[in-house]
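Engineer: Take this structure first; my questions come after.
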Amino acid sequence: MLLAAGNGLHIPTTDELFAWPNIGLGLNKVGLLYILAAVISLLLWLLATRKKAMVPKGIQNLMEPLYTFIREQVVIEVMGNRPDALRYVPFLGTLFTFILFCNIFEVIPGINFPPTARMAGPAFLAIMVWFVFNVQGIISQGVGHYFKGILFPPGVPWPIYILLTPIELVSVFIVRPLTLAVRLFANLVAGNTLLAVFLIFTAYTFSQIWKDPSPLIAIFPFAFAGAVGMMGFEIFVAFIQAFIFTILTAVYVGESLHGH
């Protein structure tokens with residue numbers, strides 16, 4: 001196995017659902033959930049825009065308020081009511097729904113796991129956002145003006161640049177994608193762990209109540225209520241974390257469009 005790995009061959013692991021060792025590919029539960037979230041998001045937006053009507057119905061009635069929310073409360077509020085900003089509504093709407101569905105898998109029975117609780121996914125999304133806002137800044141402002149605006153903000157006494165420029169360099173090009181990824185990852189890991197503890201404790205008390213009901217009959221209702229309450233809280237967290245990631249993306253792209 002070590003020899004094969006050293007030669008670049010893919011070694012199937014126990015958590016993989018599908019593996020093709022000959023071509024070095026494998027698909028585990030995390031990858032499958034990411035694909036499923038992407039497919040659900042794509043289908044919802046395609047179905048919602050397939051037959052546009054003045055009076056929305058069906059899927060359009062579900063997705064139109066979401067589109068309006070992203071357009072009015074995220075793009076226009078953060079980036080401005082300008083054509084170059086409004087063209088990011090589809091991107092931000094897709095980003096929001098994709099992250100939301102990834103997060104919401106945590107509370108779906110039989111899955112109970114958000115793929116965003118693995119660092120690779122949030123890191124990829126953060127790198128994608130980093131690439132988007134930097135490319136947009138270069139296109140909108142030009143290479144020199146974009147980097148000068150970040151590293152040497154106007155109106156600052158020149159001796160302050162000795163301290164400010166390294167801070168801005170690290171903040172914009174390293175801290176931004178890092179915090180985007182870690183915030184999403186850490187919140188989903190913590191929530192998934194707490195929910196798992198509540199569900200396991202509820203299942204254990206329920207399984208033991210038939211053997212010795214006297215000490216557990218009073219505990220089970222509290223354990224069950226705690227699991228239900230935690231599940232509701234995690235649905236709220238799924239929405240909030242998708243919104244935070246989306247609105248921060250809008251902030252970063254807006255700064256690239258308009259300058260710092």
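Just remember, in the structure tokens the first chain shown is A, the second B, etc., residues are 1-based per chain, and ligands are 1-based in the order shown.
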Determine, counting only C-alpha atoms, which protein, DNA and RNA residues have an atom within 10 Å of an atom of Gly121 (chain A); residues of the same chain fewer than 5 positions away are not included. Present the result as a list in words.

Structural biologist: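 Within the cut-off, the hits are Val30, Gly31, Tyr34, Ile99, Cys102, Pro115, Thr116, Ala126, Ile127, Ala181, Leu184 and Phe185 of chain A.
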
Engineer: Could you give me, as number ranges by chain, the residues within 12 Å of Ile150 (chain A), counting only C-alpha atoms and dropping anything in the same chain fewer than 6 positions from it?

Structural biologist: A: 134, 137-138, 141, 143-144, 161, 164-173, 252, 255-256, 258-260

Engineer: With distances taken over only C-alpha atoms, which residue among A:Ala37, A:Gly58, A:Val175, A:Thr246 lies nearest Ile104 (chain A)?

Structural biologist: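 For Ile104 (chain A), the nearest of the candidates is A:Ala37.
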
Engineer: Figure out the distance between CA of Ala117 (chain A) and CA of Val189 (chain A), please, to one decimal in Å.

Structural biologist: 4.8 Å

Engineer: In Å, how far is it from CA of Tyr146 (chain A) to CA of Arg183 (chain A)?

Structural biologist: 26.7 Å
